[in-house]
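K.L.:
Structure supplied as data_19.cif; contents: mmCIF, C-alpha atoms.
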data_coords
loop_
_atom_site.label_atom_id
_atom_site.label_comp_id
_atom_site.auth_asym_id
_atom_site.auth_seq_id
_atom_site.Cartn_x
_atom_site.Cartn_y
_atom_site.Cartn_z
CA MET A 1 2.94 -60.60 48.09
CA LYS A 2 3.31 -59.54 44.48
CA ASN A 3 6.08 -57.09 43.74
CA PHE A 4 3.80 -54.06 43.25
CA LYS A 5 4.49 -50.50 44.29
CA GLU A 6 3.26 -49.67 47.80
CA VAL A 7 0.89 -46.73 47.64
CA ILE A 8 -1.67 -44.71 49.57
CA ILE A 9 -4.86 -44.22 47.55
CA VAL A 10 -6.78 -40.93 47.82
CA PHE A 11 -10.24 -41.37 46.32
CA ASP A 12 -12.97 -38.88 45.34
CA SER A 13 -15.59 -38.27 42.67
CA GLY A 14 -13.60 -35.34 41.28
CA ILE A 15 -11.07 -32.75 42.38
CA GLY A 16 -12.53 -32.08 45.82
CA GLY A 17 -10.16 -34.48 47.55
CA LEU A 18 -7.06 -32.82 46.09
CA SER A 19 -6.97 -30.44 49.05
CA TYR A 20 -6.85 -33.50 51.32
CA PHE A 21 -4.18 -35.14 49.17
CA LYS A 22 -1.98 -32.03 49.39
CA TYR A 23 -2.43 -31.71 53.14
CA ILE A 24 -1.88 -35.41 53.86
CA LYS A 25 1.26 -35.52 51.70
CA SER A 26 2.66 -32.47 53.51
CA LYS A 27 2.22 -34.28 56.83
CA ILE A 28 3.09 -37.84 55.81
CA GLU A 29 6.11 -37.95 53.50
CA GLY A 30 8.03 -40.91 52.17
CA TYR A 31 5.14 -42.63 50.38
CA GLN A 32 3.77 -42.71 46.88
CA TYR A 33 0.20 -41.44 46.49
CA ILE A 34 -2.35 -42.38 43.85
CA TYR A 35 -5.26 -39.99 43.38
CA VAL A 36 -8.45 -41.33 41.79
CA ALA A 37 -11.11 -38.97 40.45
CA ASP A 38 -14.17 -41.10 39.75
CA ASN A 39 -15.57 -38.58 37.28
CA LYS A 40 -17.69 -41.25 35.60
CA ASN A 41 -19.89 -41.28 38.70
CA PHE A 42 -19.73 -37.57 39.53
CA PRO A 43 -21.64 -36.19 41.38
CA TYR A 44 -21.75 -38.71 44.23
CA GLY A 45 -24.39 -36.61 45.98
CA GLU A 46 -27.00 -37.92 43.55
CA LYS A 47 -26.11 -41.61 43.93
CA SER A 48 -27.48 -44.21 46.35
CA SER A 49 -25.36 -45.77 49.09
CA GLU A 50 -25.61 -49.16 47.37
CA TYR A 51 -24.38 -47.73 44.08
CA LEU A 52 -21.44 -45.97 45.74
CA LEU A 53 -20.42 -49.12 47.61
CA GLU A 54 -20.31 -51.07 44.35
CA ALA A 55 -18.37 -48.26 42.65
CA VAL A 56 -15.61 -48.10 45.25
CA LEU A 57 -15.29 -51.89 45.44
CA PHE A 58 -15.02 -52.15 41.65
CA LEU A 59 -12.31 -49.49 41.38
CA ILE A 60 -10.26 -50.72 44.33
CA GLU A 61 -10.21 -54.22 42.85
CA LYS A 62 -8.78 -52.74 39.65
CA LEU A 63 -6.15 -50.78 41.56
CA LYS A 64 -5.14 -53.86 43.57
CA LYS A 65 -4.04 -55.45 40.28
CA ILE A 66 -1.57 -52.59 39.76
CA TYR A 67 -0.43 -51.55 43.24
CA ASN A 68 0.10 -52.86 46.74
CA ILE A 69 -2.32 -50.58 48.58
CA ILE A 70 -1.23 -49.83 52.14
CA ALA A 71 -4.06 -47.38 52.94
CA LEU A 72 -7.18 -45.92 51.34
CA VAL A 73 -8.40 -42.39 52.10
CA LEU A 74 -11.99 -41.78 51.01
CA ALA A 75 -11.56 -38.03 50.51
CA CYS A 76 -15.29 -37.50 50.06
CA ASN A 77 -17.90 -37.12 52.78
CA THR A 78 -20.69 -38.53 50.64
CA ILE A 79 -19.01 -41.84 49.95
CA SER A 80 -17.58 -41.92 53.47
CA VAL A 81 -21.02 -41.90 55.11
CA SER A 82 -22.38 -44.23 52.41
CA VAL A 83 -19.84 -47.04 52.86
CA TYR A 84 -18.80 -46.42 56.47
CA ASN A 85 -17.83 -49.74 58.10
CA LYS A 86 -18.92 -51.68 55.00
CA LEU A 87 -15.46 -52.18 53.48
CA ASN A 88 -13.39 -55.20 54.43
CA PHE A 89 -9.85 -54.76 53.11
CA VAL A 90 -6.54 -55.95 54.55
CA PHE A 91 -5.34 -52.33 54.51
CA PRO A 92 -6.84 -49.51 56.62
CA VAL A 93 -9.61 -47.27 55.26
CA VAL A 94 -9.79 -43.66 56.44
CA TYR A 95 -13.02 -41.68 56.09
CA THR A 96 -13.65 -37.94 55.89
CA LEU A 97 -16.76 -38.03 58.05
CA PRO A 98 -18.68 -34.89 59.15
CA ASP A 99 -18.24 -35.95 62.77
CA VAL A 100 -19.42 -32.71 64.37
CA SER A 101 -20.41 -34.15 67.75
CA SER A 102 -16.95 -35.45 68.63
CA ILE A 103 -15.15 -32.11 68.12
CA SER A 104 -14.83 -30.24 71.40
CA ASP A 105 -14.40 -26.85 69.71
CA LEU A 106 -17.88 -27.23 68.16
CA ALA A 107 -19.73 -28.72 71.12
CA LEU A 108 -21.14 -25.43 72.42
CA LYS A 109 -21.38 -23.57 69.11
CA LYS A 110 -24.32 -22.98 66.80
CA VAL A 111 -23.12 -25.00 63.81
CA LEU A 112 -24.25 -25.02 60.20
CA LEU A 113 -23.27 -28.26 58.42
CA ILE A 114 -23.31 -27.99 54.63
CA ALA A 115 -23.00 -31.09 52.45
CA THR A 116 -24.59 -33.02 49.59
CA ASN A 117 -28.11 -34.45 49.86
CA THR A 118 -26.81 -38.02 50.16
CA THR A 119 -24.56 -37.05 53.06
CA LEU A 120 -27.30 -35.14 54.87
CA GLU A 121 -29.81 -37.97 54.45
CA SER A 122 -27.42 -40.55 55.90
CA LYS A 123 -27.89 -42.15 59.31
CA PHE A 124 -24.47 -40.82 60.30
CA VAL A 125 -25.52 -37.18 59.89
CA LYS A 126 -28.95 -37.75 61.44
CA ASP A 127 -27.15 -39.13 64.47
CA GLN A 128 -24.94 -36.03 64.53
CA VAL A 129 -28.02 -33.79 64.62
CA SER A 130 -29.48 -35.74 67.53
CA MET A 131 -26.21 -35.67 69.50
CA HIS A 132 -25.34 -31.99 69.03
CA ASP A 133 -27.18 -29.29 70.98
CA ASP A 134 -27.55 -26.84 68.07
CA LEU A 135 -26.75 -28.22 64.62
CA ILE A 136 -28.57 -27.19 61.44
CA VAL A 137 -27.86 -29.00 58.15
CA LYS A 138 -28.28 -27.59 54.65
CA ALA A 139 -27.62 -29.04 51.19
CA ALA A 140 -25.15 -27.16 49.00
CA GLY A 141 -24.65 -29.31 45.92
CA GLU A 142 -24.41 -26.19 43.77
CA LEU A 143 -21.02 -25.44 45.34
CA VAL A 144 -19.74 -28.88 44.31
CA ASN A 145 -20.77 -28.22 40.71
CA PHE A 146 -19.08 -24.81 40.80
CA VAL A 147 -15.78 -26.41 41.84
CA GLU A 148 -15.99 -29.07 39.11
CA TYR A 149 -17.52 -27.06 36.26
CA GLY A 150 -16.39 -23.51 36.95
CA GLU A 151 -17.98 -20.31 35.70
CA ARG A 152 -21.04 -21.89 34.08
CA CYS A 153 -22.22 -22.81 37.58
CA ARG A 154 -21.29 -19.53 39.32
CA LYS A 155 -24.82 -18.11 39.39
CA ASP A 156 -26.19 -21.25 41.00
CA ALA A 157 -23.35 -21.20 43.54
CA LEU A 158 -24.06 -17.57 44.44
CA ARG A 159 -27.77 -18.31 44.89
CA CYS A 160 -26.79 -21.18 47.17
CA LEU A 161 -24.54 -18.93 49.22
CA GLU A 162 -27.31 -16.33 49.51
CA ALA A 163 -29.65 -19.00 50.91
CA LEU A 164 -26.96 -20.13 53.35
CA LYS A 165 -26.35 -16.53 54.43
CA PHE A 166 -30.07 -16.15 55.15
CA GLU A 167 -29.86 -19.25 57.36
CA VAL A 168 -26.78 -17.96 59.15
CA VAL A 169 -28.32 -14.55 59.89
CA ASN A 170 -31.75 -15.83 60.92
CA THR A 171 -30.58 -18.67 63.15
CA GLY A 172 -27.45 -17.05 64.60
CA ARG A 173 -25.00 -19.61 63.25
CA GLU A 174 -21.45 -19.19 64.59
CA ILE A 175 -19.45 -21.58 62.41
CA VAL A 176 -19.81 -23.57 59.18
CA PHE A 177 -18.70 -27.20 59.06
CA LEU A 178 -17.62 -28.13 55.54
CA GLY A 179 -19.23 -31.53 55.01
CA CYS A 180 -17.88 -31.99 51.49
CA THR A 181 -14.23 -32.00 50.45
CA HIS A 182 -15.03 -29.92 47.36
CA TYR A 183 -15.92 -26.97 49.57
CA LEU A 184 -12.31 -26.56 50.69
CA HIS A 185 -11.54 -25.13 47.25
CA LEU A 186 -14.05 -22.38 48.12
CA LYS A 187 -13.13 -21.90 51.77
CA ALA A 188 -12.16 -18.24 51.47
CA MET A 189 -15.23 -17.48 49.33
CA ILE A 190 -17.57 -19.17 51.84
CA GLU A 191 -16.05 -17.35 54.82
CA ASP A 192 -16.18 -14.02 53.04
CA PHE A 193 -19.80 -14.50 51.97
CA LEU A 194 -21.21 -15.88 55.22
CA LYS A 195 -19.06 -13.73 57.55
CA ILE A 196 -18.45 -16.59 59.97
CA PRO A 197 -15.49 -18.98 60.23
CA VAL A 198 -15.22 -22.35 58.53
CA TYR A 199 -14.30 -25.62 60.20
CA GLU A 200 -12.71 -28.45 58.21
CA ASN A 201 -11.27 -31.73 59.40
CA ARG A 202 -8.13 -32.43 57.40
CA GLU A 203 -5.94 -32.64 60.49
CA LEU A 204 -8.29 -35.19 62.08
CA VAL A 205 -8.07 -37.28 58.90
CA VAL A 206 -4.27 -37.15 58.98
CA GLN A 207 -4.22 -38.26 62.61
CA ASP A 208 -6.63 -41.08 61.82
CA LEU A 209 -4.42 -42.20 58.93
CA ILE A 210 -1.32 -42.17 61.13
CA ARG A 211 -3.05 -44.23 63.81
CA SER A 212 -4.57 -46.73 61.41
CA MET A 213 -1.31 -47.38 59.57
CA ASN A 214 0.79 -47.51 62.73
CA PHE A 215 2.61 -44.99 60.59
CA PHE A 216 5.75 -44.32 62.55
CA GLU A 217 6.43 -48.00 63.12
CA TYR A 218 5.77 -48.67 59.44
CA LYS A 219 8.02 -45.84 58.34
CA GLU A 220 10.82 -46.99 60.59
CA ASN A 221 10.72 -50.43 58.99
CA HIS A 222 10.58 -49.08 55.42
CA HIS A 223 13.49 -46.80 54.63
CA LYS A 224 11.94 -44.80 51.84
CA ASN A 225 12.95 -41.24 52.52
CA ASP A 226 15.68 -41.37 49.89
CA ILE A 227 13.28 -42.38 47.11
CA ASP A 228 11.82 -39.66 44.89
CA PHE A 229 8.23 -40.79 44.38
CA VAL A 230 6.04 -39.68 41.49
CA ASP A 231 2.43 -39.38 42.61
CA GLU A 232 -0.16 -40.38 40.01
CA PHE A 233 -3.66 -39.31 38.99
CA TYR A 234 -6.40 -41.44 37.40
CA LEU A 235 -9.84 -40.76 35.94
CA THR A 236 -12.69 -43.18 35.28
CA ARG A 237 -14.08 -41.39 32.21
CA ASN A 238 -12.28 -39.90 29.22
CA GLU A 239 -13.81 -36.44 29.62
CA ASN A 240 -12.65 -32.85 30.35
CA LEU A 241 -9.04 -34.00 30.14
CA THR A 242 -7.52 -30.52 29.95
CA PHE A 243 -9.38 -29.50 33.10
CA TYR A 244 -7.98 -32.45 35.07
CA GLN A 245 -4.52 -32.20 33.54
CA ASN A 246 -4.29 -28.58 34.71
CA PHE A 247 -5.02 -29.70 38.26
CA CYS A 248 -2.36 -32.38 37.92
CA LYS A 249 0.18 -29.69 37.12
CA LYS A 250 -0.99 -27.59 40.06
CA TYR A 251 -0.66 -30.49 42.51
CA ASN A 252 2.44 -32.06 40.92
CA LEU A 253 0.67 -35.27 39.89
CA HIS A 254 1.53 -37.44 36.91
CA PHE A 255 -1.61 -37.80 34.76
CA LYS A 256 -2.14 -41.50 34.02
CA GLY A 257 -5.44 -41.29 32.17
CA MET A 258 -8.27 -43.75 32.77
CA ILE A 259 -8.28 -46.80 35.00
CA VAL A 260 -8.73 -49.73 32.63
#
In structure tokens, what does this structure look like?
P.N.:
Amino acid sequence: MKNFKEVIIVFDSGIGGLSYFKYIKSKIEGYQYIYVADNKNFPYGEKSSEYLLEAVLFLIEKLKKIYNIIALVLACNTISVSVYNKLNFVFPVVYTLPDVSSISDLALKKVLLIATNTTLESKFVKDQVSMHDDLIVKAAGELVNFVEYGERCRKDALRCLEALKFEVVNTGREIVFLGCTHYLHLKAMIEDFLKIPVYENRELVVQDLIRSMNFFEYKENHHKNDIDFVDEFYLTRNENLTFYQNFCKKYNLHFKGMIV
């Protein structure tokens, strides 16, 4: 094994996965994290499954030349459903899947799943619809753009929320499942607008990561608690640097620039 830093990679098309990064780091300390925002390919919701598989394979191969990756978290529902069970790495891969049917708290509820078009058109989500007694799915790509691009997309986001509110009222929805990691940045806004609670699965992802890494055994064998790690942030396109650098400051990440 080459003498590279051991890291956990958190991967998304933009800043959506930062909420997952923050939550995971708060639960699993003692490791260095590398956050990758694949802004060159943003938005993932408009890309094919084949394209996304090639994109993640290409970037992970680049990162393997720099780091010893001990786990990969695909902090994006779109790419998670697109490449699910298609990656063959020596390290574990954890997905943020919109796995509504396996969550007992949602089994008897009238659920509204919002996500990108690619996620909703996937076999994974179609299977969820068939397994759940009362699940309606709706695309909400405008909310992703609002998170990434800010005020210039606010009107589109509000129109999207109005359409979702119409669905909630007319079909008696009881809870919204956030099927895109970007939506967590708007959690309070979504709850306030739709007047029903939001469900998100960060804790399930953490538990999956712990299980897949055999985390406690691994941590016991690697005495790293005394090391002060600097978590790092990469882009794939030299664009909107100030925007991303501001998020790095907010989440205490060292901005590394582009993956080359």
K.L.:
For this structure, which residues satisfy the selection - the PyMOL selection byres ((chain A and resi 213) around 12) - when it is evaluated on the file as given? I want them as an NGL selection string.
P.N.:
:A and (8 or 28 or 69-73 or 90-94 or 206-212 or 214-219)
K.L.:
To test your reading of the syntax: which residues would the PyMOL selection byres ((chain A and resi 36) around 7) return for the file shown? Reply as a list in words.
P.N.:
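With the PyMOL selection byres ((chain A and resi 36) around 7) on this model, the match is Val10, Phe11, Asp12, Ile34, Tyr35, Ala37, Asp38, Phe233, Tyr234 and Leu235 of chain A.
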K.L.:
For the residues in that selection, give me C-alpha atoms as a short mmCIF file (atom, residue, chain, number, x, y, z; two decimals), keeping the file's coordinate frame.
P.N.:
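out-v9.cif, freshly written:
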data_model
loop_
_atom_site.label_atom_id
_atom_site.label_comp_id
_atom_site.auth_asym_id
_atom_site.auth_seq_id
_atom_site.Cartn_x
_atom_site.Cartn_y
_atom_site.Cartn_z
CA VAL A 10 -6.78 -40.93 47.82
CA PHE A 11 -10.24 -41.37 46.32
CA ASP A 12 -12.97 -38.88 45.34
CA ILE A 34 -2.35 -42.38 43.85
CA TYR A 35 -5.26 -39.99 43.38
CA ALA A 37 -11.11 -38.97 40.45
CA ASP A 38 -14.17 -41.10 39.75
CA PHE A 233 -3.66 -39.31 38.99
CA TYR A 234 -6.40 -41.44 37.40
CA LEU A 235 -9.84 -40.76 35.94
#
K.L.:
One decimal, in Å: what's the spacing between atom CA of Ala55 of chain A and atom CA of Met258 of chain A?
P.N.:
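The value is 14.8 Å.
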K.L.:
Using the chain letters and numbering of this document, enumerate as an MDAnalysis selection string the residues selected by the PyMOL selection byres ((chain A and resi 19) around 12).
P.N.:
chainID A and resid 10:12 14:18 20:26 35 75:76 180:187 200:203 247 250:251
K.L.:
For Lys249 of chain A, which residue out of A:Ala115, A:Ala157, A:His132, A:Asp231 is the nearest one, using all atoms listed in the file?
P.N.:
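Counting all atoms listed in the file, the residue closest to Lys249 of chain A is A:Asp231.
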K.L.:
With 4 Å on each side, where is the centre of the axis-aligned box around all listed atoms of segment 106-124 of chain A, and how long are its edges in Å to one decimal, as AutoDock Vina command-line options?
P.N.:
--center_x -23.8 --center_y -32.6 --center_z 61.0 --size_x 19.9 --size_y 27.2 --size_z 30.8
K.L.:
Identify the residues within 10 Å of coordinate (-18.4, -36.9, 39.7) (same frame as the file), considering all atoms listed in the file, and give the answer as a list in words.
P.N.:
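Those residues lying close to the given coordinates are Asp12, Ser13, Gly14, Ile15, Gly16, Ala37, Asp38, Asn39, Lys40, Asn41, Phe42, Pro43, Tyr44, Gly45, Glu46, Lys47, Val144, Asn145, Glu148, Thr236 and Arg237 of chain A.
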K.L.:
What's around Ser82 of chain A at 8 Å? Count all atoms listed in the file, leave out sequence neighbours fewer than 5 positions away in its own chain, and write the answer as a CSV table (one decimal) with C-alpha atoms, in the frame of the given file.
P.N.:
chain,number,residue,atom,x,y,z
A,48,SER,CA,-27.5,-44.2,46.4
A,49,SER,CA,-25.4,-45.8,49.1
A,50,GLU,CA,-25.6,-49.2,47.4
A,52,LEU,CA,-21.4,-46.0,45.7
A,53,LEU,CA,-20.4,-49.1,47.6
A,118,THR,CA,-26.8,-38.0,50.2
A,119,THR,CA,-24.6,-37.0,53.1
A,122,SER,CA,-27.4,-40.6,55.9
K.L.:
If you count all atoms listed in the file, which residues fall within 10 Å of Leu158 of chain A, apart from same-chain ones fewer than 4 positions away, as number ranges by chain?
P.N.:
A: 142-143, 146, 153-154, 162-164, 190, 193
K.L.:
Enter the distance from atom CA of Phe229 of chain A to atom CA of Tyr33 of chain A, in Å, rounded to one decimal.
P.N.:
8.3 Å
K.L.:
Atom CA of Asn88 of chain A to atom CA of Leu63 of chain A: how many Å, to one decimal?
P.N.:
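Separating atom CA of Asn88 of chain A from atom CA of Leu63 of chain A is a distance of 15.4 Å.
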K.L.:
So, with all atoms listed in the file as the atoms that count, which of A:Val176, A:Val125, A:Val169, A:Val147 lies closest to Tyr244 of chain A?
P.N.:
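Between A:Val176, A:Val125, A:Val169, A:Val147, the residue approaching Tyr244 of chain A most closely is A:Val147.
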K.L.:
At a cut-off of 12 Å, using only C-alpha atoms, what residues contact Pro197 of chain A? Leave out same-chain residues fewer than 5 positions from it and give the result as a list in words.
P.N.:
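Contacts, with the query itself left out: Leu106, Lys109, Lys110, Val111, Leu112, Val168, Arg173, Glu174, Ile175, Val176, Phe177, Leu178, Lys187, Ala188, Met189, Ile190, Glu191 and Asp192 of chain A.
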